[in-house]
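S.K.: This is the structure I want to talk about, given as structure tokens.
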Amino acid sequence: MKPKTAEYYMDLAIKKAHQGVKKGQTPFGACVVKKGKVVALAHNIVWKTTDITAHAEITAIRRACRTLKTIDLRGCVIYSTCEPCPMCFSACHWARISKVVYGAAIKDAKHFGFHELTISCQKMKQSGRSPVKLEKGFLYKENLELFRFWSRQKGKKTY
């Protein structure tokens, strides 16, 4: 079997986010991978659960911890369709996720009307001396298209 690529995992996150948008959710998806295996895949479920913390990354981290039966996600990479907000980056740090790969930036989410704190992951990483590696702008155009797709939906809601 051919090894999967980073593009493959990000594409899974993008597809999951599309599913969420079609269900009335927001344009965010995340995929947690360990040793080439997907351990969790999630889209944002804030509106479905009426839980403001149910961001895609948080939901994926919760599922990964349950699947792996640990809160230590060392060796895992999370692929996120958008730069994690401060809450989500903190969760990645606390879970000891090794690397965060993201597409769109926080400023993009803010541009589409989301109530974002514009503190970048890079700034949080530096200020907190976090060992989490960051890769930004991965498949940027494809991830930005999620926001455009979402913006065309009737009844869309931000938070």
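Starting from 1 in every chain, residues are counted up; chains themselves are A, B, ... following the order of the structure tokens, and ligands are numbered from 1 as listed.
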For the interface of range 67-145 of chain A with range 22-37 of chain A (cut-off 6 Å, counting only C-alpha atoms), please tabulate each contacting residue of range 67-145 of chain A alongside its nearest pair of atoms and their separation in Å to one decimal, rows sorted by chain and increasing number, as a tab-separated table.

M.R.:
residue	atom	partner	partner_atom	distance
A:Cys76	CA	A:Lys34	CA	4.5
A:Val77	CA	A:Val33	CA	5.3
A:Ile78	CA	A:Val32	CA	4.4
A:Tyr79	CA	A:Cys31	CA	5.1
A:Ser80	CA	A:Ala30	CA	4.4
A:Thr81	CA	A:Gly29	CA	5.5

S.K.: Using DSSP secondary structure from the backbone, list all helix (DSSP H, G or I) positions within chain A, as a PyMOL selection string.

M.R.: chain A and resi 6-22+46-49+56-68+86-94+106-111+121-128+140-151

S.K.: Generate the output file for the selected residues, C-alpha atoms, as a JSON list (two decimals), in the first residue's frame.

M.R.:
[["chain", "number", "residue", "atom", "x", "y", "z"],
["A", 6, "ALA", "CA", 0.21, 15.43, 3.83],
["A", 7, "GLU", "CA", -2.05, 16.51, 0.96],
["A", 8, "TYR", "CA", -4.12, 13.36, 1.49],
["A", 9, "TYR", "CA", -4.67, 14.10, 5.20],
["A", 10, "MET", "CA", -5.48, 17.78, 4.60],
["A", 11, "ASP", "CA", -7.91, 16.73, 1.88],
["A", 12, "LEU", "CA", -9.68, 14.51, 4.45],
["A", 13, "ALA", "CA", -10.01, 17.53, 6.77],
["A", 14, "ILE", "CA", -11.34, 19.66, 3.91],
["A", 15, "LYS", "CA", -13.89, 17.02, 2.92],
["A", 16, "LYS", "CA", -15.00, 16.64, 6.53],
["A", 17, "ALA", "CA", -15.45, 20.41, 6.82],
["A", 18, "HIS", "CA", -17.58, 20.37, 3.64],
["A", 19, "GLN", "CA", -19.78, 17.71, 5.25],
["A", 20, "GLY", "CA", -20.16, 19.94, 8.30],
["A", 21, "VAL", "CA", -21.08, 22.98, 6.24],
["A", 22, "LYS", "CA", -23.76, 20.96, 4.46],
["A", 46, "VAL", "CA", -20.52, 24.19, 17.71],
["A", 47, "TRP", "CA", -24.09, 24.76, 16.47],
["A", 48, "LYS", "CA", -25.09, 21.09, 16.60],
["A", 49, "THR", "CA", -24.01, 20.69, 20.22],
["A", 56, "ALA", "CA", -12.97, 20.92, 14.79],
["A", 57, "GLU", "CA", -9.54, 20.67, 16.43],
["A", 58, "ILE", "CA", -10.97, 20.20, 19.93],
["A", 59, "THR", "CA", -13.42, 17.58, 18.69],
["A", 60, "ALA", "CA", -10.65, 15.75, 16.79],
["A", 61, "ILE", "CA", -8.31, 15.88, 19.82],
["A", 62, "ARG", "CA", -11.06, 14.48, 22.08],
["A", 63, "ARG", "CA", -11.67, 11.63, 19.64],
["A", 64, "ALA", "CA", -7.94, 10.93, 19.20],
["A", 65, "CYS", "CA", -7.48, 10.74, 22.98],
["A", 66, "ARG", "CA", -10.39, 8.29, 23.27],
["A", 67, "THR", "CA", -9.13, 6.18, 20.34],
["A", 68, "LEU", "CA", -5.56, 6.04, 21.63],
["A", 86, "PRO", "CA", -5.86, 30.31, 20.90],
["A", 87, "MET", "CA", -8.11, 27.69, 22.58],
["A", 88, "CYS", "CA", -7.35, 25.07, 19.93],
["A", 89, "PHE", "CA", -3.63, 25.81, 19.82],
["A", 90, "SER", "CA", -3.53, 25.52, 23.62],
["A", 91, "ALA", "CA", -5.26, 22.14, 23.39],
["A", 92, "CYS", "CA", -2.68, 21.01, 20.81],
["A", 93, "HIS", "CA", 0.09, 22.14, 23.16],
["A", 94, "TRP", "CA", -1.44, 20.46, 26.24],
["A", 106, "ILE", "CA", -7.07, 33.40, 11.55],
["A", 107, "LYS", "CA", -7.33, 36.67, 9.60],
["A", 108, "ASP", "CA", -9.26, 34.79, 6.90],
["A", 109, "ALA", "CA", -11.80, 33.51, 9.44],
["A", 110, "LYS", "CA", -12.13, 37.04, 10.82],
["A", 111, "HIS", "CA", -12.65, 38.38, 7.29],
["A", 121, "CYS", "CA", -0.23, 30.29, 16.60],
["A", 122, "GLN", "CA", 3.33, 31.44, 15.97],
["A", 123, "LYS", "CA", 3.01, 34.19, 18.59],
["A", 124, "MET", "CA", 1.48, 31.76, 21.12],
["A", 125, "LYS", "CA", 4.20, 29.21, 20.36],
["A", 126, "GLN", "CA", 6.92, 31.81, 20.93],
["A", 127, "SER", "CA", 5.35, 33.38, 24.04],
["A", 128, "GLY", "CA", 4.64, 30.02, 25.64],
["A", 140, "TYR", "CA", -4.18, 27.59, 1.31],
["A", 141, "LYS", "CA", -6.37, 28.13, -1.77],
["A", 142, "GLU", "CA", -8.32, 24.93, -1.19],
["A", 143, "ASN", "CA", -8.90, 25.82, 2.46],
["A", 144, "LEU", "CA", -9.91, 29.39, 1.67],
["A", 145, "GLU", "CA", -12.45, 27.97, -0.79],
["A", 146, "LEU", "CA", -14.16, 26.33, 2.22],
["A", 147, "PHE", "CA", -14.98, 29.79, 3.56],
["A", 148, "ARG", "CA", -16.31, 30.85, 0.16],
["A", 149, "PHE", "CA", -18.41, 27.67, -0.05],
["A", 150, "TRP", "CA", -19.73, 28.31, 3.47],
["A", 151, "SER", "CA", -20.46, 31.99, 2.68]]

S.K.: Taking the DSSP assignment computed from this structure's backbone, write out as a PyMOL selection string all residues of chain A that belong to strand (DSSP E).

M.R.: chain A and resi 29-34+37-43+76-82+99-104+133-135

S.K.: Take the selection from the previous step and output its residues with N, CA and C atoms, as a short mmCIF file (atom, residue, chain, number, x, y, z; two decimals), in the first residue's frame.

M.R.:
data_model
loop_
_atom_site.label_atom_id
_atom_site.label_comp_id
_atom_site.auth_asym_id
_atom_site.auth_seq_id
_atom_site.Cartn_x
_atom_site.Cartn_y
_atom_site.Cartn_z
N GLY A 29 -12.42 21.94 9.65
CA GLY A 29 -12.24 20.50 9.75
C GLY A 29 -10.85 20.19 10.26
N ALA A 30 -10.69 19.02 10.87
CA ALA A 30 -9.38 18.62 11.40
C ALA A 30 -9.21 17.11 11.31
N CYS A 31 -7.97 16.70 11.09
CA CYS A 31 -7.61 15.29 10.98
C CYS A 31 -6.36 15.04 11.82
N VAL A 32 -6.43 14.10 12.75
CA VAL A 32 -5.28 13.75 13.59
C VAL A 32 -4.70 12.44 13.06
N VAL A 33 -3.39 12.46 12.83
CA VAL A 33 -2.69 11.33 12.25
C VAL A 33 -1.52 10.92 13.15
N LYS A 34 -1.35 9.61 13.33
CA LYS A 34 -0.20 9.09 14.06
C LYS A 34 0.39 7.93 13.28
N LYS A 37 -1.44 6.81 10.21
CA LYS A 37 -2.81 6.31 10.37
C LYS A 37 -3.71 7.42 10.92
N VAL A 38 -4.87 7.58 10.30
CA VAL A 38 -5.85 8.56 10.80
C VAL A 38 -6.45 8.01 12.09
N VAL A 39 -6.32 8.78 13.17
CA VAL A 39 -6.90 8.35 14.44
C VAL A 39 -8.15 9.14 14.79
N ALA A 40 -8.33 10.31 14.14
CA ALA A 40 -9.55 11.09 14.38
C ALA A 40 -9.76 12.07 13.22
N LEU A 41 -11.01 12.25 12.90
CA LEU A 41 -11.41 13.17 11.83
C LEU A 41 -12.68 13.85 12.30
N ALA A 42 -12.71 15.19 12.23
CA ALA A 42 -13.88 15.89 12.76
C ALA A 42 -14.10 17.22 12.03
N HIS A 43 -15.36 17.65 12.05
CA HIS A 43 -15.67 19.02 11.64
C HIS A 43 -16.22 19.74 12.86
N CYS A 76 1.76 12.72 17.10
CA CYS A 76 0.61 13.00 16.23
C CYS A 76 0.79 14.32 15.50
N VAL A 77 0.21 14.36 14.31
CA VAL A 77 0.12 15.59 13.52
C VAL A 77 -1.35 15.89 13.36
N ILE A 78 -1.73 17.15 13.54
CA ILE A 78 -3.11 17.56 13.28
C ILE A 78 -3.11 18.45 12.05
N TYR A 79 -3.98 18.10 11.11
CA TYR A 79 -4.19 18.88 9.89
C TYR A 79 -5.48 19.65 10.10
N SER A 80 -5.41 20.97 10.01
CA SER A 80 -6.56 21.81 10.27
C SER A 80 -6.80 22.73 9.08
N THR A 81 -8.06 22.87 8.71
CA THR A 81 -8.39 23.69 7.54
C THR A 81 -8.11 25.17 7.79
N CYS A 82 -8.03 25.57 9.05
CA CYS A 82 -7.75 26.97 9.40
C CYS A 82 -6.79 27.00 10.58
N LYS A 99 2.94 18.31 15.75
CA LYS A 99 2.93 19.28 14.66
C LYS A 99 1.50 19.65 14.28
N VAL A 100 1.32 20.93 13.96
CA VAL A 100 0.05 21.46 13.46
C VAL A 100 0.30 21.94 12.04
N VAL A 101 -0.48 21.42 11.11
CA VAL A 101 -0.43 21.84 9.71
C VAL A 101 -1.77 22.48 9.41
N TYR A 102 -1.76 23.75 8.99
CA TYR A 102 -3.03 24.42 8.73
C TYR A 102 -3.02 25.18 7.42
N GLY A 103 -4.24 25.41 6.91
CA GLY A 103 -4.42 26.07 5.62
C GLY A 103 -4.68 27.55 5.75
N ALA A 104 -5.95 27.93 5.88
CA ALA A 104 -6.32 29.34 5.99
C ALA A 104 -5.79 29.91 7.31
N LYS A 133 5.42 22.04 16.48
CA LYS A 133 5.89 22.55 15.19
C LYS A 133 4.68 23.06 14.41
N LEU A 134 4.90 24.09 13.60
CA LEU A 134 3.82 24.69 12.83
C LEU A 134 4.17 24.71 11.35
N GLU A 135 3.18 24.40 10.54
CA GLU A 135 3.31 24.56 9.09
C GLU A 135 2.07 25.30 8.64
#

S.K.: Considering only C-alpha atoms, state which residue in the set A:Lys156, A:Val132, A:Ala105, A:Ile119 is at the smallest distance from Leu73 in chain A.

M.R.: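 Once distances to Leu73 in chain A are computed over only C-alpha atoms, the minimum belongs to A:Val132.
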
S.K.: Report, in Å with one decimal, the straight-line distance from CA of Phe114 in chain A to CA of Lys157 in chain A.

M.R.: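 Value for the CA of Phe114 in chain A-CA of Lys157 in chain A distance: 9.0 Å.
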
S.K.: By how many Å are CA of Arg96 in chain A and CA of Asp72 in chain A apart?

M.R.: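 Answer for the CA of Arg96 in chain A to CA of Asp72 in chain A separation: 5.9 Å.
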
S.K.: If I take CA of Thr158 in chain A and CA of Ser120 in chain A, how far is one from the other in Å, to one decimal?

M.R.: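 Separation of CA of Thr158 in chain A and CA of Ser120 in chain A: 19.8 Å.
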
S.K.: Using only C-alpha atoms, which of the listed residues (A:Pro84, A:Phe112, A:Gln153, A:Thr70) sits closest to His55 in chain A?

M.R.: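 With only C-alpha atoms as the atom set, the closest residue is A:Pro84.
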